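**Student:** I have a structure I would like to understand better, so I am pasting it below and will then ask my questions one at a time.
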Amino acid sequence: MINLFQHLRDESVDASLVQLLESVINASKEIAFRVRQGALAGVLGSTQDENIQGETQKNLDVISNQLLKDLLLACPHVRALASEEEDTVVAGNPQGEFIIAFDPLDGSSNIDINGQIGTIFSIYRARENIAANDEAQFRQQGSTQVCAGYVLYGPSTLLVITIGKGTHAFTLDTIQGTFLLTAKDIRIPADTKEFAINMSNQRFWNETMRRYINDLVLGESGPRGKNFNMRWNAAMVGDVHRIISRGGIFLYPSDNRNPKQPAKLRLLYEANPMALLIENAGGKAWNETQRILEIQPRELHERVAVILGSANEVDMCLNYSGS
Ligand code: F6P
């Protein structure tokens with residue numbers, strides 16, 4: 001079996017990007033170890049907990065962020081990093097060629113229930129003539145990502161990655177400590193009968209979204225004329241992985257719960273990397289009006305609506321008028 005680094009060599013990936021990926025991989029192997037150990041590693045619980053000295057205890061979110069930060073800042077090729085867990089951009093080596101945005105642990109509400117969680121990352125070339133700690137480094141459209149991926153901490157640990165062309169999956173061999181290529185050039189089927197959405201939010205969606213989902217639920221007896229099944233992991237990384245594995249549509253639409261936050265998922269840490277992985281596997285990823293990869297980011301922690309997955313179903317949703 002081909003391991004990740006052989007694959008990167010075969011694909012002629014720049015040595016500097018390979019070194020940067022090595023830092024991400026090493027951090028994620030450390031995170032995977034702690035996730036597997038669970039309560040035995042003392043990493044469960046929230047930061048509200050206090051130890052006997054009255055100090056705030058770290059949870060896995062914080063630990064994962066720190067591990068990634070430490071390893072990435074030690075890598076000479078990282079000019080700046082942005083994390084869902086950091087307020088601002090963190091500067092790295094001013095000569096570094098790349099910048100990286102990441103969600104250290106997506107789906108954190110699954111940590112304490114032994115559910116799926118994962119690390120999502122997105123790498124761009126650094127912009128010249130812009131300071132390393134300037135947010136403007138990250139105001140780049142998702143289409144310019146040089147690499148995107150996630151590490152899913154499930155029953156096995158998987159790395160799903162794209163470096164320009166193709167989306168590939170590698171499984172962590174925990175004995176050797178190496179990621180082995182287990183699915184090359186993944187293709188997402190264009191049609192599906194499976195959807196993923198948090199149904200409890202439906203009263204906050206717009207009318208078209210309500211009608212689209214309602215017609216999926218009506219199944220054979222509704223205008224779609226076929227039965228749909230629903231799956232919801234409550235961790236985007238798990239839901240996207242199911243779609244990459246067998247197709248489907250994942251939706252986190254805009255809603256009117258809170259006017260200051262019309263959408264939930266983050267453009268830089270969640271939507272963009274997942275959109276690149278999905279598109280490079282033949283799927284589609286849009287907000288309600290445009291390709292996610294063409295959105296011009298305005299701020300670091302910007303949120304966007306996300307509709308992604310099997311191409312024909314995403315088109316159906318975007319053009320939905322119903323019966
Ligand atoms: O943004 C984090 C996240 O946990 C996603 O991974 C997931 O899709 C979503 O939030 C679930 O949020 P909720 O349970 O509020 O719908």
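Scheme for the structure tokens: letters A, B, ... for chains in order shown; per-chain residue numbers from 1; ligand numbers from 1 in order shown.
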For Val146 of chain A, find every residue with an atom within 6 Å (counting only C-alpha atoms), except residues of its own chain fewer than 2 positions away, and show them as a list in words.
**Tutor:**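 That gives Ile123, Tyr124 and Ile163 of chain A.
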**Student:** Those residues you just picked out, can you put them in a file as a short mmCIF file (atom, residue, chain, number, x, y, z; two decimals), in the first residue's frame with N, CA, C and O atoms?
**Tutor:**
data_model
loop_
_atom_site.label_atom_id
_atom_site.label_comp_id
_atom_site.auth_asym_id
_atom_site.auth_seq_id
_atom_site.Cartn_x
_atom_site.Cartn_y
_atom_site.Cartn_z
N ILE A 123 -5.06 25.28 3.21
CA ILE A 123 -3.74 25.91 3.02
C ILE A 123 -3.73 26.79 1.76
O ILE A 123 -4.24 26.36 0.71
N TYR A 124 -3.18 27.98 1.90
CA TYR A 124 -3.05 28.93 0.78
C TYR A 124 -1.60 29.38 0.68
O TYR A 124 -0.85 29.28 1.66
N ILE A 163 -4.98 18.00 -3.13
CA ILE A 163 -3.87 18.95 -3.37
C ILE A 163 -3.99 19.33 -4.84
O ILE A 163 -3.24 18.87 -5.68
#
**Student:** What residues of the protein or nucleic acid chains come within 10 Å of ligand 1 when you use only C-alpha atoms and all ligand atoms? Reply as number ranges by chain.
**Tutor:** A: 84, 103, 105-110, 116-118, 120, 196-201, 232-240, 250-252, 264-266, 269-271, 303, 306
**Student:** What does the distance from atom CA of Ser143 of chain A to atom CA of Glu294 of chain A come to in Å, to one decimal?
**Tutor:** 6.3 Å
**Student:** With distances taken over only C-alpha atoms, which of A:Gly164, A:Gly322, A:Gly45, A:Gly142 is nearest to Trp286 of chain A?
**Tutor:**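 Selected residue with least distance to Trp286 of chain A: A:Gly142.
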**Student:** Excluding segment 95-98 of chain A and residues on its chain fewer than 6 positions from it, collect all residues at most 7 Å away from it, counting only C-alpha atoms, and give them as a ChimeraX atom specification.
**Tutor:** /A:76-79,123-126
**Student:** Given the selection you just returned, output its residues as a file containing N, CA, C and O atoms, formatted as a PDB file, in the first residue's frame.
**Tutor:**
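Wrote it out as again.pdb, contents follow:
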ATOM      1  N   PRO A  76       9.032  26.081   9.352  1.00  0.00           N
ATOM      2  CA  PRO A  76       9.509  27.335   8.753  1.00  0.00           C
ATOM      3  C   PRO A  76       8.673  27.805   7.562  1.00  0.00           C
ATOM      4  O   PRO A  76       8.839  28.934   7.101  1.00  0.00           O
ATOM      5  N   HIS A  77       7.809  26.949   7.051  1.00  0.00           N
ATOM      6  CA  HIS A  77       7.044  27.315   5.849  1.00  0.00           C
ATOM      7  C   HIS A  77       5.700  27.970   6.160  1.00  0.00           C
ATOM      8  O   HIS A  77       4.943  28.293   5.259  1.00  0.00           O
ATOM      9  N   VAL A  78       5.389  28.128   7.453  1.00  0.00           N
ATOM     10  CA  VAL A  78       4.105  28.726   7.839  1.00  0.00           C
ATOM     11  C   VAL A  78       4.293  30.208   8.131  1.00  0.00           C
ATOM     12  O   VAL A  78       4.974  30.582   9.083  1.00  0.00           O
ATOM     13  N   ARG A  79       3.694  31.067   7.299  1.00  0.00           N
ATOM     14  CA  ARG A  79       3.803  32.508   7.556  1.00  0.00           C
ATOM     15  C   ARG A  79       2.750  32.957   8.570  1.00  0.00           C
ATOM     16  O   ARG A  79       2.986  33.861   9.359  1.00  0.00           O
ATOM     17  N   ILE A 123      -5.059  25.278   3.208  1.00  0.00           N
ATOM     18  CA  ILE A 123      -3.742  25.909   3.021  1.00  0.00           C
ATOM     19  C   ILE A 123      -3.734  26.787   1.760  1.00  0.00           C
ATOM     20  O   ILE A 123      -4.239  26.362   0.712  1.00  0.00           O
ATOM     21  N   TYR A 124      -3.179  27.981   1.898  1.00  0.00           N
ATOM     22  CA  TYR A 124      -3.054  28.931   0.780  1.00  0.00           C
ATOM     23  C   TYR A 124      -1.601  29.376   0.685  1.00  0.00           C
ATOM     24  O   TYR A 124      -0.848  29.276   1.656  1.00  0.00           O
ATOM     25  N   ARG A 125      -1.229  29.962  -0.473  1.00  0.00           N
ATOM     26  CA  ARG A 125       0.065  30.625  -0.565  1.00  0.00           C
ATOM     27  C   ARG A 125      -0.029  31.948   0.199  1.00  0.00           C
ATOM     28  O   ARG A 125      -1.060  32.628   0.131  1.00  0.00           O
ATOM     29  N   ALA A 126       1.019  32.299   0.903  1.00  0.00           N
ATOM     30  CA  ALA A 126       1.035  33.585   1.624  1.00  0.00           C
ATOM     31  C   ALA A 126       1.060  34.725   0.619  1.00  0.00           C
ATOM     32  O   ALA A 126       1.598  34.578  -0.482  1.00  0.00           O
TER      33      ALA A 126
END
**Student:** Tell me which protein, DNA and RNA residues are within 8 Å of Glu194 of chain A, counting only C-alpha atoms, leaving out same-chain ones fewer than 6 positions away, and put them as a list in words.
**Tutor:** Phe228, Asn229, Met230, Arg231, Gly247, Gly248 and Ile249 of chain A
**Student:** I'd like the neighbourhood of segment 207-221 of chain A as a JSON list (two decimals) with N, CA, C and O atoms, in the first residue's frame, where a residue qualifies if any of its atoms comes within 8 Å (using only C-alpha atoms), though same-chain residues fewer than 6 positions away should be ignored.
**Tutor:**
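As a result, out-v1.json now contains:
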[["chain", "number", "residue", "atom", "x", "y", "z"],
["A", 227, "ASN", "N", -38.31, 8.00, -1.99],
["A", 227, "ASN", "CA", -38.10, 8.12, -0.55],
["A", 227, "ASN", "C", -36.67, 8.56, -0.25],
["A", 227, "ASN", "O", -35.72, 8.06, -0.86],
["A", 228, "PHE", "N", -36.55, 9.50, 0.66],
["A", 228, "PHE", "CA", -35.22, 9.96, 1.12],
["A", 228, "PHE", "C", -35.02, 9.52, 2.56],
["A", 228, "PHE", "O", -35.98, 9.49, 3.35],
["A", 253, "PRO", "N", -28.39, 25.74, 6.11],
["A", 253, "PRO", "CA", -28.84, 26.96, 5.42],
["A", 253, "PRO", "C", -28.79, 28.18, 6.32],
["A", 253, "PRO", "O", -28.61, 28.06, 7.54],
["A", 317, "CYS", "N", -31.83, 21.53, -5.19],
["A", 317, "CYS", "CA", -32.10, 22.37, -4.02],
["A", 317, "CYS", "C", -31.98, 23.85, -4.38],
["A", 317, "CYS", "O", -32.85, 24.66, -4.02],
["A", 320, "TYR", "N", -34.90, 25.16, -6.47],
["A", 320, "TYR", "CA", -36.17, 24.56, -6.07],
["A", 320, "TYR", "C", -37.37, 25.51, -6.15],
["A", 320, "TYR", "O", -37.34, 26.61, -5.65],
["A", 321, "SER", "N", -38.37, 25.00, -6.81],
["A", 321, "SER", "CA", -39.63, 25.76, -6.79],
["A", 321, "SER", "C", -40.73, 24.84, -6.26],
["A", 321, "SER", "O", -41.75, 25.31, -5.78],
["A", 322, "GLY", "N", -40.50, 23.50, -6.31],
["A", 322, "GLY", "CA", -41.50, 22.56, -5.79],
["A", 322, "GLY", "C", -42.66, 22.42, -6.74],
["A", 322, "GLY", "O", -42.61, 22.88, -7.87]]
**Student:** Taking only C-alpha atoms into account, which of A:Ile292, A:Pro262, A:Ala183, A:Thr162 comes nearest Phe204 of chain A?
**Tutor:**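 Using only C-alpha atoms, the shortest distance to Phe204 of chain A belongs to A:Pro262.
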**Student:** Using backbone DSSP assignments, extract all strand (DSSP E) residues from segment 75-211 of chain A; output them as a ChimeraX atom specification.
**Tutor:** /A:78-83,90-91,98-106,117-125,147-153,157-163,165-173,178-183,194-196
**Student:** Mind writing the picked residues with C-alpha atoms as a PDB file, in the first residue's frame?
**Tutor:**
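Output file out-v3.pdb follows:
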ATOM      1  CA  VAL A  78       4.105  28.726   7.839  1.00  0.00           C
ATOM      2  CA  ARG A  79       3.803  32.508   7.556  1.00  0.00           C
ATOM      3  CA  ALA A  80       0.533  32.738   9.478  1.00  0.00           C
ATOM      4  CA  LEU A  81      -2.223  30.616  10.916  1.00  0.00           C
ATOM      5  CA  ALA A  82      -5.872  31.216  11.691  1.00  0.00           C
ATOM      6  CA  SER A  83      -7.839  28.916  13.932  1.00  0.00           C
ATOM      7  CA  VAL A  90      -1.159  34.196  14.621  1.00  0.00           C
ATOM      8  CA  ALA A  91       2.068  35.148  12.827  1.00  0.00           C
ATOM      9  CA  PHE A  98       2.073  29.296   3.150  1.00  0.00           C
ATOM     10  CA  ILE A  99      -0.755  30.285   5.448  1.00  0.00           C
ATOM     11  CA  ILE A 100      -3.091  27.770   7.050  1.00  0.00           C
ATOM     12  CA  ALA A 101      -6.599  28.030   8.494  1.00  0.00           C
ATOM     13  CA  PHE A 102      -7.993  25.226  10.631  1.00  0.00           C
ATOM     14  CA  ASP A 103     -10.753  24.031  12.879  1.00  0.00           C
ATOM     15  CA  PRO A 104      -8.755  21.989  15.384  1.00  0.00           C
ATOM     16  CA  LEU A 105     -11.708  19.880  16.489  1.00  0.00           C
ATOM     17  CA  ASP A 106     -14.934  20.059  14.544  1.00  0.00           C
ATOM     18  CA  ILE A 117     -15.028  14.498  15.482  1.00  0.00           C
ATOM     19  CA  GLY A 118     -12.266  15.793  13.244  1.00  0.00           C
ATOM     20  CA  THR A 119      -9.641  18.372  12.325  1.00  0.00           C
ATOM     21  CA  ILE A 120     -10.287  20.436   9.176  1.00  0.00           C
ATOM     22  CA  PHE A 121      -7.526  22.427   7.438  1.00  0.00           C
ATOM     23  CA  SER A 122      -7.084  24.725   4.474  1.00  0.00           C
ATOM     24  CA  ILE A 123      -3.742  25.909   3.021  1.00  0.00           C
ATOM     25  CA  TYR A 124      -3.054  28.931   0.780  1.00  0.00           C
ATOM     26  CA  ARG A 125       0.065  30.625  -0.565  1.00  0.00           C
ATOM     27  CA  CYS A 147      -4.492  22.001  -0.305  1.00  0.00           C
ATOM     28  CA  ALA A 148      -7.461  21.152   1.904  1.00  0.00           C
ATOM     29  CA  GLY A 149      -8.323  18.189   4.047  1.00  0.00           C
ATOM     30  CA  TYR A 150      -9.715  16.741   7.227  1.00  0.00           C
ATOM     31  CA  VAL A 151      -8.687  14.088   9.690  1.00  0.00           C
ATOM     32  CA  LEU A 152     -11.702  12.173  10.948  1.00  0.00           C
ATOM     33  CA  TYR A 153     -11.342  10.585  14.373  1.00  0.00           C
ATOM     34  CA  THR A 157      -8.564   7.628  11.839  1.00  0.00           C
ATOM     35  CA  LEU A 158      -8.848   8.852   8.256  1.00  0.00           C
ATOM     36  CA  LEU A 159      -7.168  11.646   6.357  1.00  0.00           C
ATOM     37  CA  VAL A 160      -9.125  12.917   3.348  1.00  0.00           C
ATOM     38  CA  ILE A 161      -7.086  15.351   1.290  1.00  0.00           C
ATOM     39  CA  THR A 162      -6.936  17.221  -1.990  1.00  0.00           C
ATOM     40  CA  ILE A 163      -3.870  18.946  -3.373  1.00  0.00           C
ATOM     41  CA  LYS A 165      -6.543  17.492  -8.281  1.00  0.00           C
ATOM     42  CA  GLY A 166      -8.480  14.510  -6.961  1.00  0.00           C
ATOM     43  CA  THR A 167      -9.732  13.769  -3.464  1.00  0.00           C
ATOM     44  CA  HIS A 168      -8.058  10.837  -1.745  1.00  0.00           C
ATOM     45  CA  ALA A 169      -8.499   9.012   1.567  1.00  0.00           C
ATOM     46  CA  PHE A 170      -5.731   7.581   3.754  1.00  0.00           C
ATOM     47  CA  THR A 171      -6.309   5.379   6.782  1.00  0.00           C
ATOM     48  CA  LEU A 172      -4.006   5.597   9.794  1.00  0.00           C
ATOM     49  CA  ASP A 173      -2.206   2.335  10.434  1.00  0.00           C
ATOM     50  CA  THR A 178       1.529   5.963   8.897  1.00  0.00           C
ATOM     51  CA  PHE A 179      -1.413   7.015   6.755  1.00  0.00           C
ATOM     52  CA  LEU A 180      -1.972   4.492   3.923  1.00  0.00           C
ATOM     53  CA  LEU A 181      -3.856   5.269   0.719  1.00  0.00           C
ATOM     54  CA  THR A 182      -7.200   3.455   0.919  1.00  0.00           C
ATOM     55  CA  ALA A 183      -9.347   5.351  -1.619  1.00  0.00           C
ATOM     56  CA  GLU A 194     -29.957  10.786   1.586  1.00  0.00           C
ATOM     57  CA  PHE A 195     -29.951  14.226   3.217  1.00  0.00           C
ATOM     58  CA  ALA A 196     -28.394  15.759   6.325  1.00  0.00           C
TER      59      ALA A 196
END
**Student:** Under the rule that only C-alpha atoms are counted, which of A:Ala32, A:Ala305, A:Ala275, A:Leu73 is the nearest residue to Thr144 of chain A?
**Tutor:** A:Ala275
